[in-house]
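To start, the structure under review is shown below, and the notes come after it.
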Amino acid sequence: MGSRARARWVAAAVGFTGLLCAVLGAVMIVAVPSIIKQQVHKNVRIDPNSLSFGMWKEIPVPFYLSVYFFDIINSKDILEGKKPQVRERGPYVYREFRHKGNITFNDNDTVSFREYRSFQFEPEKSNGLESDHIVIPNILVLGAAVMMENKPIGLKLIMTLAFSTLGERAFMNRTVGEIMWGYEDPLVHLLNKYLPDMFPVKGKFGLFAGLNNSDSGLFTVFTGIKNFSRVHLVDKWNGVSKVNFWHSDECNMINGTSGQMWAPFMTPESSLEFYSPEACRSMKLIYKEAGIFEGIPTYRFKAPNTLFANGSTYPPNEGFCPCLESGIQNVSTCRFSAPLFLSHPHFYNADPVLSQAVLGLHPNEKEHSLFLDIHPVTGIPMNCSVKLQLSLYIKAVRGIGQTGQIEPVVLPLLWFEERGAMEGETLRTFYTQLVLMPKVLHYAQYVLLALGCVLLLVPIVYHIRSQEKCYLFWSSSKKGSKEKEAMQAYSESLMTSAPKGTVLQEARL
């Protein structure tokens with residue numbers, strides 16, 4: 001009797017445990033997604049108490065700037081009207097350091113900051129040294145010539161004389177370091193001395209001189225603390241909500257984020273919008289495909305074919321014109337009126353006429369397309385590669401002798417790639433907290449539910465078996481009683497005296 005009671009208690013305890021597991025699993029199935037969503041909302045907003053604030057303030061991902069120059073092989077032939085021929089040199093790789101400063105939280109759910117950048121040359125990652133010499137167009141001469149094309153002939157002759165006096169030529173042979181970070185130029189000194197307000201560059205002239213040890217302007221973005229739907233979106237840049245570089249309100253709009261984090265819970269229908277101070281415009285990337293980066297699920301976003309399309313191909317881009325062929329963007333209005341153009345490297349995704357006009361260009365998607373891999377749950381970039389090319393429109397200008405007989409052409413100067421990928425301890429922490437733990441919880445809830453259902457079967461099976469044993473015992477007892485009664489009746493019949501006839505018959509036998 002004691003063992004039977006103990007068995008009933010064990011079965012009840014197992015059933016109760018199963019019930020708890022099943023209830024807990026069911027509750028987790030309902031509650032865990034909302035808990036994860038709540039935690040993501042809490043930790044991706046710009047709040048000193050959020051887990052991502054340190055990552056937002058001091059980007060832990062190592063960024064590298066790789067620069068490729070187009071070394072001109074036939075500069076003399078170009079002056080005679082022949083097709084330019086270039087040779088790609090590089091990469092010249094720089095470690096890029098970024099950190100945010102002057103962080104000010106405002107009363108309207110925004111935060112203002114400046115992001116400071118500095119660059120350090122990495123010889124071991126580079127294919128060359130900063131002392132390497134490159135032949136490139138003289139932007140000051142050829143750019144000024146195009147800008148002066150419609151000016152009076154007398155003014156252009158004076159400019160020709162000034163160029164000759166200062167030793168300025170159409171093409172120059174400079175080191176990588178000089179082209180990147182600046183060189184002393186007599187023309188710049190002359191302009192700064194006699195026309196100080198005419199030329200914006202003071203001191204050395206270089207293509208990246210304004211980027212090193214500088215910031216990208218004053219950004220004001222929404223924190224998402226009060227209104228999460230606007231988290232990371234740019235409110236203002238340098239105090240304005242739209243720029244005035246372009247010729248339409250749509251093109252002047254500052255859309256998206258500052259380009260470092262986006263709103264969480266993305267879908268394939270999502271797009272990545274951000275404002276780029278270097279390009280003087282907002283850009284939008286579109287979803288391409290889902291992928292995996294170091295075990296972390298990602299969405300890859302790429303540039304649409306219309307990003308640098310001209311106004312005739314894509315009417316919304318009409319505000320960026322005057323345009324030339326499709327696939328290059330005129331950035332002269334935000335680059336001191338110099339005839340500079342922005343595009344994908346090697347004129348990838350542009351009108352083939354552009355790449356065919358310069359020998360040595362080989363555009364292809366694998367090497368020259370840009371992409372961003374984003375963790376869709378948090379909106380945090382895992383791996384990115386932004387590739388852009390800077391080109392100069394050159395041509396012969398009557399009255400400026402240095403331009404010779406140059407045929408009109410958009411001549412590439414260089415292209416660069418800014419790339420960064422999460423790695424090391426940051427990657428491991430991100431994977432553990434935002435991938436592994438949610439995955440464990442996801443499977444745990446179904447395991448608990450299944451285990452609970454199995455354990456609930458134990459008391460049910462025990463009860464059924466107990467009923468069967470009772471039935472068998474009752475049946476066997478009833479059958480035994482009937483047999484006993486039959487035996488007793490038979491014995492009594494034997495004890496009764498038989499009739500005489502019967503005895504005589506038996507005797508005869």
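Residue numbers start at 1 in each chain; chains themselves are named A, B, ... in the order of the structure tokens; ligands are numbered from 1 in the order shown.
The residues of stretch 3-102 of chain A that DSSP assigns to strand (DSSP E) on this backbone come out as Phe63, Tyr64, Leu65, Ser66, Val67, Tyr68, Phe69, Phe70, Asp71, Ile72, Val86, Arg87, Glu88, Arg89, Gly90, Pro91, Tyr92, Val93, Tyr94, Arg95, Glu96, Phe97, Arg98, His99, Lys100, Gly101 and Asn102 of chain A.
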Per residue of stretch 343-425 of chain A within 7 Å of stretch 303-324 of chain A, which atom pair is closest and at what distance in Å (one decimal), using only C-alpha atoms, listed by chain and increasing number, as JSON lines?
```
{"residue": "A:Ser343", "atom": "CA", "partner": "A:Phe308", "partner_atom": "CA", "distance": 6.5}
{"residue": "A:Asn349", "atom": "CA", "partner": "A:Asn305", "partner_atom": "CA", "distance": 6.5}
{"residue": "A:Leu370", "atom": "CA", "partner": "A:Ala303", "partner_atom": "CA", "distance": 6.6}
```
- Given the choices A:Phe219, A:Phe208, A:Phe430, A:Phe63, which gets closest to A:Gly101 if the distance is worked out from only C-alpha atoms?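 Checking each candidate against A:Gly101, we get A:Phe219 as the closest.
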- Pairwise distance for atom CA of A:Asn383 and atom CA of A:Gly256, rounded to one decimal in Å: 19.1 Å
- Quote the spacing between atom CA of A:Leu24 and atom CA of A:Pro297 in Å to one decimal place.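 These two atoms are separated by 27.8 Å.
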- Task: Please run DSSP on the backbone and report, as a ChimeraX atom specification, all residues within stretch 291-388 of chain A that come out as alpha helix (DSSP H).
- Result: /A:352-356,365-368
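Nearest residue to A:Lys57, choosing from A:Glu168, A:Glu115, A:Glu418, A:Glu269 and counting only C-alpha atoms: A:Glu115.
With distances restricted to only C-alpha atoms, A:Ile254 is the closest residue to A:Val221 from A:Ile254, A:Met422, A:Ala26, A:Val40.
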- Message: So that I can see what lies close to A:Ser369, please list as a ChimeraX atom specification the residues with an atom at most 9 Å from it, counting only C-alpha atoms and leaving out residues fewer than 2 positions away in the same chain.
- Response: /A:302-303,344-345,348-349,364-367,371,385-388
